[in-house]
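Next up, target31.txt (compact mmCIF, N, CA and C atoms):
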```
# COMPACT_ATOMS: atom_id res chain seq x y z
N MET A 2 10.40 59.60 7.98
CA MET A 2 9.96 58.27 8.35
C MET A 2 10.40 57.98 9.79
N SER A 3 9.52 57.28 10.48
CA SER A 3 9.83 56.95 11.87
C SER A 3 10.81 55.78 11.92
N LYS A 4 11.41 55.62 13.06
CA LYS A 4 12.40 54.56 13.26
C LYS A 4 11.74 53.18 13.14
N LYS A 5 10.51 53.03 13.66
CA LYS A 5 9.79 51.75 13.58
C LYS A 5 9.49 51.39 12.12
N PHE A 6 9.09 52.39 11.36
CA PHE A 6 8.78 52.15 9.96
C PHE A 6 10.03 51.72 9.20
N LYS A 7 11.15 52.38 9.46
CA LYS A 7 12.41 52.02 8.80
C LYS A 7 12.82 50.60 9.15
N LEU A 8 12.67 50.24 10.42
CA LEU A 8 13.03 48.91 10.89
C LEU A 8 12.12 47.85 10.23
N ALA A 9 10.81 48.12 10.17
CA ALA A 9 9.87 47.19 9.55
C ALA A 9 10.18 47.06 8.05
N PHE A 10 10.50 48.16 7.40
CA PHE A 10 10.84 48.13 5.98
C PHE A 10 12.10 47.31 5.73
N LEU A 11 13.11 47.51 6.56
CA LEU A 11 14.36 46.76 6.43
C LEU A 11 14.14 45.26 6.66
N ALA A 12 13.34 44.93 7.69
CA ALA A 12 13.04 43.51 7.97
C ALA A 12 12.28 42.88 6.81
N SER A 13 11.34 43.62 6.26
CA SER A 13 10.58 43.13 5.11
C SER A 13 11.48 42.91 3.91
N LEU A 14 12.37 43.83 3.67
CA LEU A 14 13.31 43.72 2.56
C LEU A 14 14.21 42.50 2.72
N ILE A 15 14.74 42.29 3.91
CA ILE A 15 15.60 41.14 4.17
C ILE A 15 14.82 39.83 3.98
N LEU A 16 13.60 39.78 4.51
CA LEU A 16 12.78 38.58 4.37
C LEU A 16 12.49 38.28 2.90
N ASN A 17 12.18 39.31 2.14
CA ASN A 17 11.91 39.11 0.70
C ASN A 17 13.14 38.60 -0.03
N VAL A 18 14.30 39.12 0.28
CA VAL A 18 15.53 38.65 -0.36
C VAL A 18 15.79 37.18 -0.01
N VAL A 19 15.57 36.82 1.24
CA VAL A 19 15.76 35.42 1.66
C VAL A 19 14.76 34.51 0.93
N LEU A 20 13.50 34.93 0.85
CA LEU A 20 12.49 34.10 0.17
C LEU A 20 12.79 33.96 -1.32
N ILE A 21 13.18 35.04 -1.95
CA ILE A 21 13.54 34.97 -3.37
C ILE A 21 14.73 34.03 -3.57
N GLY A 22 15.71 34.13 -2.71
CA GLY A 22 16.87 33.23 -2.79
C GLY A 22 16.48 31.78 -2.62
N PHE A 23 15.57 31.53 -1.68
CA PHE A 23 15.12 30.16 -1.45
C PHE A 23 14.42 29.61 -2.69
N PHE A 24 13.49 30.37 -3.25
CA PHE A 24 12.75 29.89 -4.41
C PHE A 24 13.64 29.73 -5.64
N LEU A 25 14.54 30.66 -5.85
CA LEU A 25 15.45 30.53 -6.98
C LEU A 25 16.40 29.35 -6.79
N GLY A 26 16.79 29.10 -5.57
CA GLY A 26 17.67 27.96 -5.29
C GLY A 26 16.98 26.63 -5.48
N GLN A 27 15.67 26.57 -5.22
CA GLN A 27 14.91 25.33 -5.35
C GLN A 27 14.41 25.09 -6.77
N SER A 28 14.25 26.12 -7.55
CA SER A 28 13.60 25.97 -8.85
C SER A 28 14.30 25.02 -9.81
N PRO A 29 15.63 24.99 -9.89
CA PRO A 29 16.22 24.03 -10.83
C PRO A 29 15.91 22.58 -10.46
N ARG A 30 15.90 22.27 -9.19
CA ARG A 30 15.60 20.90 -8.77
C ARG A 30 14.11 20.60 -8.87
N ARG A 31 13.29 21.58 -8.62
CA ARG A 31 11.85 21.37 -8.59
C ARG A 31 11.31 21.01 -9.97
N PHE A 32 11.86 21.59 -11.01
CA PHE A 32 11.32 21.39 -12.35
C PHE A 32 12.17 20.47 -13.21
N ASP A 33 13.19 19.87 -12.65
CA ASP A 33 14.06 18.99 -13.41
C ASP A 33 13.56 17.55 -13.27
N ARG A 34 12.88 17.07 -14.31
CA ARG A 34 12.32 15.72 -14.25
C ARG A 34 13.40 14.65 -14.16
N THR A 35 14.52 14.90 -14.82
CA THR A 35 15.60 13.92 -14.80
C THR A 35 16.11 13.72 -13.38
N ALA A 36 16.30 14.82 -12.66
CA ALA A 36 16.79 14.73 -11.28
C ALA A 36 15.77 14.00 -10.40
N LEU A 37 14.50 14.30 -10.58
CA LEU A 37 13.46 13.62 -9.79
C LEU A 37 13.43 12.13 -10.10
N ARG A 38 13.56 11.81 -11.39
CA ARG A 38 13.56 10.39 -11.80
C ARG A 38 14.77 9.67 -11.20
N GLU A 39 15.93 10.31 -11.27
CA GLU A 39 17.14 9.70 -10.71
C GLU A 39 17.00 9.49 -9.20
N GLU A 40 16.41 10.45 -8.53
CA GLU A 40 16.22 10.34 -7.07
C GLU A 40 15.29 9.18 -6.75
N ARG A 41 14.18 9.07 -7.49
CA ARG A 41 13.26 7.95 -7.27
C ARG A 41 13.94 6.62 -7.56
N MET A 42 14.77 6.60 -8.60
CA MET A 42 15.46 5.37 -8.98
C MET A 42 16.42 4.94 -7.88
N GLU A 43 17.17 5.89 -7.35
CA GLU A 43 18.11 5.58 -6.28
C GLU A 43 17.39 5.02 -5.06
N GLN A 44 16.24 5.59 -4.73
CA GLN A 44 15.47 5.10 -3.59
C GLN A 44 14.95 3.70 -3.85
N ALA A 45 14.47 3.45 -5.06
CA ALA A 45 13.91 2.13 -5.38
C ALA A 45 14.99 1.06 -5.42
N PHE A 46 16.20 1.42 -5.84
CA PHE A 46 17.26 0.43 -6.01
C PHE A 46 18.12 0.26 -4.77
N GLU A 47 17.87 1.05 -3.76
CA GLU A 47 18.68 1.01 -2.54
C GLU A 47 18.67 -0.41 -1.96
N GLY A 48 19.84 -0.90 -1.66
CA GLY A 48 19.98 -2.22 -1.05
C GLY A 48 20.16 -3.36 -2.04
N LEU A 49 19.98 -3.11 -3.32
CA LEU A 49 20.19 -4.16 -4.32
C LEU A 49 21.68 -4.28 -4.62
N PRO A 50 22.12 -5.46 -5.03
CA PRO A 50 23.51 -5.61 -5.45
C PRO A 50 23.82 -4.72 -6.66
N ALA A 51 25.08 -4.36 -6.82
CA ALA A 51 25.49 -3.44 -7.89
C ALA A 51 25.09 -3.94 -9.27
N GLU A 52 25.25 -5.25 -9.51
CA GLU A 52 24.91 -5.77 -10.85
C GLU A 52 23.41 -5.69 -11.11
N ALA A 53 22.59 -5.88 -10.07
CA ALA A 53 21.15 -5.75 -10.23
C ALA A 53 20.77 -4.29 -10.50
N GLN A 54 21.40 -3.37 -9.79
CA GLN A 54 21.15 -1.94 -10.03
C GLN A 54 21.52 -1.57 -11.46
N SER A 55 22.64 -2.06 -11.91
CA SER A 55 23.09 -1.76 -13.27
C SER A 55 22.12 -2.32 -14.30
N ARG A 56 21.66 -3.53 -14.09
CA ARG A 56 20.72 -4.16 -15.01
C ARG A 56 19.40 -3.37 -15.07
N LEU A 57 18.91 -2.95 -13.90
CA LEU A 57 17.66 -2.18 -13.87
C LEU A 57 17.83 -0.80 -14.51
N ARG A 58 18.95 -0.16 -14.28
CA ARG A 58 19.21 1.13 -14.93
C ARG A 58 19.22 0.99 -16.45
N ASP A 59 19.84 -0.10 -16.93
CA ASP A 59 19.87 -0.35 -18.37
C ASP A 59 18.46 -0.55 -18.93
N LYS A 60 17.61 -1.25 -18.18
CA LYS A 60 16.24 -1.50 -18.63
C LYS A 60 15.45 -0.19 -18.68
N PHE A 61 15.65 0.68 -17.69
CA PHE A 61 14.97 1.97 -17.71
C PHE A 61 15.49 2.86 -18.83
N ALA A 62 16.76 2.78 -19.12
CA ALA A 62 17.32 3.54 -20.24
C ALA A 62 16.69 3.06 -21.55
N GLU A 63 16.51 1.75 -21.66
CA GLU A 63 15.86 1.20 -22.86
C GLU A 63 14.42 1.70 -22.98
N LEU A 64 13.70 1.70 -21.85
CA LEU A 64 12.33 2.22 -21.86
C LEU A 64 12.28 3.68 -22.29
N ARG A 65 13.18 4.50 -21.74
CA ARG A 65 13.21 5.92 -22.08
C ARG A 65 13.56 6.12 -23.55
N THR A 66 14.47 5.30 -24.08
CA THR A 66 14.86 5.42 -25.48
C THR A 66 13.67 5.15 -26.40
N VAL A 67 12.87 4.16 -26.06
CA VAL A 67 11.70 3.84 -26.87
C VAL A 67 10.60 4.88 -26.66
N ALA A 68 10.42 5.32 -25.43
CA ALA A 68 9.31 6.21 -25.09
C ALA A 68 9.50 7.64 -25.57
N GLN A 69 10.73 8.13 -25.56
CA GLN A 69 10.98 9.54 -25.87
C GLN A 69 10.42 9.98 -27.22
N PRO A 70 10.71 9.28 -28.32
CA PRO A 70 10.13 9.73 -29.60
C PRO A 70 8.60 9.67 -29.62
N LEU A 71 8.03 8.68 -28.96
CA LEU A 71 6.58 8.57 -28.91
C LEU A 71 5.97 9.74 -28.14
N PHE A 72 6.60 10.10 -27.01
CA PHE A 72 6.10 11.23 -26.23
C PHE A 72 6.24 12.53 -27.01
N GLU A 73 7.32 12.67 -27.76
CA GLU A 73 7.51 13.87 -28.57
C GLU A 73 6.45 13.96 -29.67
N GLN A 74 6.12 12.83 -30.28
CA GLN A 74 5.07 12.82 -31.30
C GLN A 74 3.72 13.20 -30.68
N MET A 75 3.46 12.67 -29.48
CA MET A 75 2.22 12.98 -28.80
C MET A 75 2.13 14.47 -28.45
N ARG A 76 3.25 15.03 -27.95
CA ARG A 76 3.26 16.47 -27.64
C ARG A 76 3.02 17.30 -28.89
N ALA A 77 3.64 16.92 -30.00
CA ALA A 77 3.45 17.65 -31.25
C ALA A 77 1.99 17.57 -31.70
N ALA A 78 1.38 16.40 -31.58
CA ALA A 78 -0.03 16.24 -31.95
C ALA A 78 -0.93 17.06 -31.03
N GLN A 79 -0.61 17.09 -29.73
CA GLN A 79 -1.39 17.90 -28.79
C GLN A 79 -1.25 19.38 -29.09
N ASP A 80 -0.04 19.81 -29.43
CA ASP A 80 0.18 21.21 -29.80
C ASP A 80 -0.62 21.58 -31.05
N GLU A 81 -0.62 20.68 -32.02
CA GLU A 81 -1.38 20.91 -33.25
C GLU A 81 -2.87 20.96 -32.97
N ALA A 82 -3.35 20.10 -32.09
CA ALA A 82 -4.77 20.11 -31.72
C ALA A 82 -5.13 21.44 -31.05
N ALA A 83 -4.26 21.92 -30.17
CA ALA A 83 -4.51 23.20 -29.51
C ALA A 83 -4.50 24.34 -30.53
N ARG A 84 -3.57 24.28 -31.50
CA ARG A 84 -3.52 25.31 -32.54
C ARG A 84 -4.80 25.28 -33.38
N THR A 85 -5.24 24.08 -33.73
CA THR A 85 -6.46 23.92 -34.53
C THR A 85 -7.67 24.43 -33.75
N LEU A 86 -7.70 24.15 -32.47
CA LEU A 86 -8.81 24.57 -31.62
C LEU A 86 -8.92 26.09 -31.57
N GLY A 87 -7.78 26.77 -31.58
CA GLY A 87 -7.78 28.22 -31.49
C GLY A 87 -7.81 28.94 -32.81
N ALA A 88 -7.76 28.19 -33.92
CA ALA A 88 -7.70 28.82 -35.25
C ALA A 88 -9.07 29.40 -35.63
N GLU A 89 -9.00 30.39 -36.46
CA GLU A 89 -10.22 31.03 -36.94
C GLU A 89 -10.26 30.89 -38.45
N PRO A 90 -11.19 30.29 -39.07
CA PRO A 90 -12.37 29.65 -38.48
C PRO A 90 -12.01 28.27 -37.92
N PHE A 91 -12.80 27.82 -36.98
CA PHE A 91 -12.57 26.54 -36.33
C PHE A 91 -12.90 25.41 -37.32
N ASP A 92 -11.92 24.51 -37.53
CA ASP A 92 -12.10 23.36 -38.42
C ASP A 92 -12.33 22.12 -37.55
N GLU A 93 -13.60 21.80 -37.39
CA GLU A 93 -13.98 20.69 -36.51
C GLU A 93 -13.40 19.36 -36.98
N ALA A 94 -13.40 19.13 -38.27
CA ALA A 94 -12.88 17.87 -38.82
C ALA A 94 -11.38 17.74 -38.56
N ALA A 95 -10.63 18.82 -38.72
CA ALA A 95 -9.18 18.79 -38.47
C ALA A 95 -8.91 18.54 -36.99
N TYR A 96 -9.71 19.15 -36.14
CA TYR A 96 -9.55 18.94 -34.70
C TYR A 96 -9.84 17.47 -34.34
N ASP A 97 -10.91 16.93 -34.89
CA ASP A 97 -11.25 15.53 -34.63
C ASP A 97 -10.15 14.59 -35.10
N ARG A 98 -9.53 14.89 -36.26
CA ARG A 98 -8.42 14.08 -36.77
C ARG A 98 -7.24 14.11 -35.79
N GLN A 99 -6.95 15.27 -35.24
CA GLN A 99 -5.84 15.39 -34.28
C GLN A 99 -6.13 14.59 -33.01
N ILE A 100 -7.35 14.64 -32.53
CA ILE A 100 -7.73 13.89 -31.33
C ILE A 100 -7.60 12.39 -31.59
N ILE A 101 -8.03 11.94 -32.76
CA ILE A 101 -7.87 10.53 -33.12
C ILE A 101 -6.39 10.16 -33.18
N LYS A 102 -5.57 11.04 -33.75
CA LYS A 102 -4.13 10.79 -33.83
C LYS A 102 -3.51 10.70 -32.43
N ILE A 103 -3.91 11.61 -31.55
CA ILE A 103 -3.40 11.59 -30.17
C ILE A 103 -3.77 10.28 -29.49
N ASN A 104 -5.02 9.86 -29.63
CA ASN A 104 -5.46 8.61 -29.00
C ASN A 104 -4.72 7.40 -29.58
N GLN A 105 -4.46 7.41 -30.89
CA GLN A 105 -3.70 6.31 -31.49
C GLN A 105 -2.26 6.29 -30.97
N LEU A 106 -1.66 7.47 -30.84
CA LEU A 106 -0.30 7.54 -30.30
C LEU A 106 -0.25 7.06 -28.85
N ARG A 107 -1.24 7.44 -28.06
CA ARG A 107 -1.31 6.96 -26.67
C ARG A 107 -1.41 5.44 -26.62
N SER A 108 -2.26 4.91 -27.46
CA SER A 108 -2.45 3.45 -27.51
C SER A 108 -1.16 2.75 -27.94
N GLU A 109 -0.51 3.28 -28.96
CA GLU A 109 0.75 2.70 -29.44
C GLU A 109 1.83 2.78 -28.36
N THR A 110 1.90 3.91 -27.69
CA THR A 110 2.89 4.09 -26.63
C THR A 110 2.66 3.09 -25.50
N THR A 111 1.41 2.98 -25.07
CA THR A 111 1.09 2.03 -24.00
C THR A 111 1.42 0.61 -24.42
N ASP A 112 1.08 0.25 -25.63
CA ASP A 112 1.33 -1.10 -26.12
C ASP A 112 2.83 -1.41 -26.17
N ARG A 113 3.60 -0.50 -26.76
CA ARG A 113 5.05 -0.74 -26.90
C ARG A 113 5.75 -0.79 -25.54
N LEU A 114 5.40 0.15 -24.67
CA LEU A 114 6.05 0.18 -23.36
C LEU A 114 5.63 -1.00 -22.49
N SER A 115 4.38 -1.43 -22.63
CA SER A 115 3.92 -2.61 -21.88
C SER A 115 4.67 -3.87 -22.31
N LYS A 116 4.91 -4.00 -23.61
CA LYS A 116 5.65 -5.16 -24.12
C LYS A 116 7.09 -5.16 -23.60
N ILE A 117 7.71 -3.99 -23.57
CA ILE A 117 9.08 -3.91 -23.06
C ILE A 117 9.10 -4.21 -21.57
N ALA A 118 8.13 -3.68 -20.82
CA ALA A 118 8.07 -3.94 -19.38
C ALA A 118 7.87 -5.43 -19.12
N LYS A 119 7.03 -6.08 -19.91
CA LYS A 119 6.79 -7.52 -19.75
C LYS A 119 8.06 -8.30 -20.04
N ALA A 120 8.74 -7.98 -21.13
CA ALA A 120 9.98 -8.68 -21.48
C ALA A 120 11.04 -8.45 -20.40
N THR A 121 11.07 -7.26 -19.87
CA THR A 121 12.03 -6.94 -18.81
C THR A 121 11.72 -7.75 -17.56
N ALA A 122 10.43 -7.82 -17.19
CA ALA A 122 10.03 -8.54 -15.99
C ALA A 122 10.42 -10.01 -16.05
N LEU A 123 10.38 -10.58 -17.25
CA LEU A 123 10.73 -11.99 -17.40
C LEU A 123 12.21 -12.25 -17.10
N SER A 124 13.03 -11.24 -17.24
CA SER A 124 14.47 -11.43 -17.04
C SER A 124 14.94 -11.02 -15.64
N LEU A 125 14.01 -10.62 -14.77
CA LEU A 125 14.39 -10.13 -13.43
C LEU A 125 14.03 -11.14 -12.35
N SER A 126 14.75 -11.04 -11.24
CA SER A 126 14.39 -11.84 -10.07
C SER A 126 13.14 -11.23 -9.43
N ALA A 127 12.55 -11.93 -8.48
CA ALA A 127 11.33 -11.45 -7.83
C ALA A 127 11.54 -10.09 -7.16
N GLU A 128 12.65 -9.93 -6.45
CA GLU A 128 12.93 -8.65 -5.78
C GLU A 128 13.18 -7.54 -6.79
N GLU A 129 13.92 -7.84 -7.84
CA GLU A 129 14.17 -6.84 -8.88
C GLU A 129 12.87 -6.44 -9.58
N ARG A 130 12.01 -7.44 -9.82
CA ARG A 130 10.72 -7.18 -10.46
C ARG A 130 9.84 -6.30 -9.57
N ARG A 131 9.87 -6.53 -8.26
CA ARG A 131 9.10 -5.71 -7.32
C ARG A 131 9.57 -4.26 -7.37
N ARG A 132 10.88 -4.07 -7.40
CA ARG A 132 11.43 -2.71 -7.44
C ARG A 132 11.21 -2.05 -8.80
N PHE A 133 11.29 -2.85 -9.85
CA PHE A 133 11.01 -2.34 -11.19
C PHE A 133 9.56 -1.83 -11.26
N ALA A 134 8.65 -2.61 -10.71
CA ALA A 134 7.24 -2.21 -10.69
C ALA A 134 7.04 -0.94 -9.87
N ALA A 135 7.76 -0.84 -8.76
CA ALA A 135 7.66 0.37 -7.93
C ALA A 135 8.12 1.60 -8.71
N MET A 136 9.14 1.44 -9.53
CA MET A 136 9.63 2.58 -10.33
C MET A 136 8.65 2.95 -11.43
N LEU A 137 7.91 1.99 -11.95
CA LEU A 137 6.97 2.27 -13.03
C LEU A 137 5.71 2.98 -12.53
N ARG A 138 5.40 2.82 -11.25
CA ARG A 138 4.24 3.50 -10.70
C ARG A 138 4.47 5.00 -10.70
N ARG A 139 3.44 5.72 -11.03
CA ARG A 139 3.53 7.18 -10.97
C ARG A 139 3.53 7.59 -9.50
N SER A 140 4.39 8.53 -9.19
CA SER A 140 4.39 9.01 -7.82
C SER A 140 3.16 9.88 -7.62
N THR A 141 2.56 9.76 -6.45
CA THR A 141 1.37 10.55 -6.16
C THR A 141 1.78 11.94 -5.70
N PRO A 142 1.03 12.96 -6.11
CA PRO A 142 1.38 14.30 -5.66
C PRO A 142 1.16 14.42 -4.16
N PRO A 143 1.89 15.34 -3.52
CA PRO A 143 1.70 15.50 -2.09
C PRO A 143 0.26 15.92 -1.77
N ALA A 144 -0.22 15.47 -0.64
CA ALA A 144 -1.60 15.78 -0.24
C ALA A 144 -1.72 17.28 0.06
N ARG A 145 -2.85 17.83 -0.34
CA ARG A 145 -3.10 19.24 -0.06
C ARG A 145 -3.64 19.39 1.34
N LYS A 146 -3.21 20.43 1.99
CA LYS A 146 -3.74 20.75 3.32
C LYS A 146 -4.75 21.87 3.15
N ASN A 147 -5.97 21.60 3.58
CA ASN A 147 -7.04 22.61 3.44
C ASN A 147 -7.12 23.50 4.64
```
Can you present the structure in this file as structure tokens?
Amino acid sequence: MSKKFKLAFLASLILNVVLIGFFLGQSPRRFDRTALREERMEQAFEGLPAEAQSRLRDKFAELRTVAQPLFEQMRAAQDEAARTLGAEPFDEAAYDRQIIKINQLRSETTDRLSKIAKATALSLSAEERRRFAAMLRRSTPPARKN
């Protein structure tokens, strides 16, 4: 092997190790929803008094407590619908029942969480309510560059 080839191979190897290290280092934060939620919460609550921050954190904890079982039921129903869809022979009626169940769970989830958000909003000041609403908005994905 020539000296240039060895040098290019070594540079490529070093670059690959650095890239792998970067991606492995970022992956726990990238896929951790709790960390992302906490980061968004800290940004939304920045500048509020400590008692207001504590009150809002408690309200979000209450929302998560109510929402978690509903989301788990929805995921289970979606998994069952996917299993039914791939089963042989295909049972159209069973699939339709699962879709109806998923839609009912979505409706129930939206209804329950909306009621909690409304009750929460009634107990907050205007600034706290503005920040609470900002936290409830889904963050938009970063824009793609074409």
So that I can see what lies close to region 65-69 of chain A, please list as JSON, numbers by chain the residues with an atom at most 8 Å from it, counting all atoms listed in the file and leaving out residues fewer than 5 positions away in the same chain. {"A": [59, 60, 74, 75, 110, 113, 114]}
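Relative to CA of Ala78 (chain A), CA of Gln99 (chain A) is found at 6.3 Å.
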Could you tell me how far atom N of Lys102 (chain A) sits from CA of Leu86 (chain A), in Å to one decimal place? 14.1 Å
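Coordinates place CA of Met136 (chain A) at a distance of 6.5 Å from atom C of Arg41 (chain A).
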Could you model all heavy atoms for region 115-125 of chain A and present them as a tab-separated table (two decimals), in the coordinates of the input?
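result_25.tsv, freshly written:
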```
chain	number	residue	atom	x	y	z
A	115	SER	N	4.38	-1.43	-22.63
A	115	SER	CA	3.92	-2.61	-21.88
A	115	SER	C	4.67	-3.87	-22.31
A	115	SER	O	5.03	-4.71	-21.47
A	115	SER	CB	2.42	-2.82	-22.07
A	115	SER	OG	1.71	-1.74	-21.54
A	116	LYS	N	4.91	-4.00	-23.61
A	116	LYS	CA	5.65	-5.16	-24.12
A	116	LYS	C	7.09	-5.16	-23.60
A	116	LYS	O	7.62	-6.21	-23.22
A	116	LYS	CB	5.63	-5.19	-25.64
A	116	LYS	CG	4.28	-5.59	-26.20
A	116	LYS	CD	4.25	-5.56	-27.70
A	116	LYS	CE	2.87	-5.94	-28.22
A	116	LYS	NZ	2.79	-5.83	-29.67
A	117	ILE	N	7.71	-3.99	-23.57
A	117	ILE	CA	9.08	-3.91	-23.06
A	117	ILE	C	9.10	-4.21	-21.57
A	117	ILE	O	9.98	-4.93	-21.08
A	117	ILE	CB	9.69	-2.52	-23.35
A	117	ILE	CG1	9.90	-2.36	-24.85
A	117	ILE	CG2	11.00	-2.33	-22.60
A	117	ILE	CD1	10.32	-0.96	-25.26
A	118	ALA	N	8.13	-3.68	-20.82
A	118	ALA	CA	8.07	-3.94	-19.38
A	118	ALA	C	7.87	-5.43	-19.12
A	118	ALA	O	8.50	-6.00	-18.22
A	118	ALA	CB	6.94	-3.13	-18.74
A	119	LYS	N	7.03	-6.08	-19.91
A	119	LYS	CA	6.79	-7.52	-19.75
A	119	LYS	C	8.06	-8.30	-20.04
A	119	LYS	O	8.45	-9.19	-19.27
A	119	LYS	CB	5.67	-7.96	-20.69
A	119	LYS	CG	5.35	-9.42	-20.63
A	119	LYS	CD	4.23	-9.74	-21.61
A	119	LYS	CE	3.99	-11.22	-21.73
A	119	LYS	NZ	2.95	-11.51	-22.74
A	120	ALA	N	8.74	-7.98	-21.13
A	120	ALA	CA	9.98	-8.68	-21.48
A	120	ALA	C	11.04	-8.45	-20.40
A	120	ALA	O	11.79	-9.36	-20.06
A	120	ALA	CB	10.50	-8.20	-22.84
A	121	THR	N	11.07	-7.26	-19.87
A	121	THR	CA	12.03	-6.94	-18.81
A	121	THR	C	11.72	-7.75	-17.56
A	121	THR	O	12.61	-8.31	-16.93
A	121	THR	CB	11.99	-5.43	-18.49
A	121	THR	OG1	12.35	-4.71	-19.66
A	121	THR	CG2	12.91	-5.08	-17.35
A	122	ALA	N	10.43	-7.82	-17.19
A	122	ALA	CA	10.03	-8.54	-15.99
A	122	ALA	C	10.42	-10.01	-16.05
A	122	ALA	O	10.77	-10.62	-15.03
A	122	ALA	CB	8.53	-8.40	-15.78
A	123	LEU	N	10.38	-10.58	-17.25
A	123	LEU	CA	10.73	-11.99	-17.40
A	123	LEU	C	12.21	-12.25	-17.10
A	123	LEU	O	12.57	-13.36	-16.72
A	123	LEU	CB	10.40	-12.47	-18.82
A	123	LEU	CG	8.92	-12.54	-19.16
A	123	LEU	CD1	8.71	-12.82	-20.65
A	123	LEU	CD2	8.22	-13.59	-18.31
A	124	SER	N	13.03	-11.24	-17.24
A	124	SER	CA	14.47	-11.43	-17.04
A	124	SER	C	14.94	-11.02	-15.64
A	124	SER	O	16.14	-11.08	-15.36
A	124	SER	CB	15.25	-10.62	-18.09
A	124	SER	OG	15.10	-9.24	-17.85
A	125	LEU	N	14.01	-10.62	-14.77
A	125	LEU	CA	14.39	-10.13	-13.43
A	125	LEU	C	14.03	-11.14	-12.35
A	125	LEU	O	13.10	-11.93	-12.50
A	125	LEU	CB	13.68	-8.80	-13.15
A	125	LEU	CG	13.96	-7.65	-14.10
A	125	LEU	CD1	13.07	-6.46	-13.77
A	125	LEU	CD2	15.42	-7.26	-14.07
```
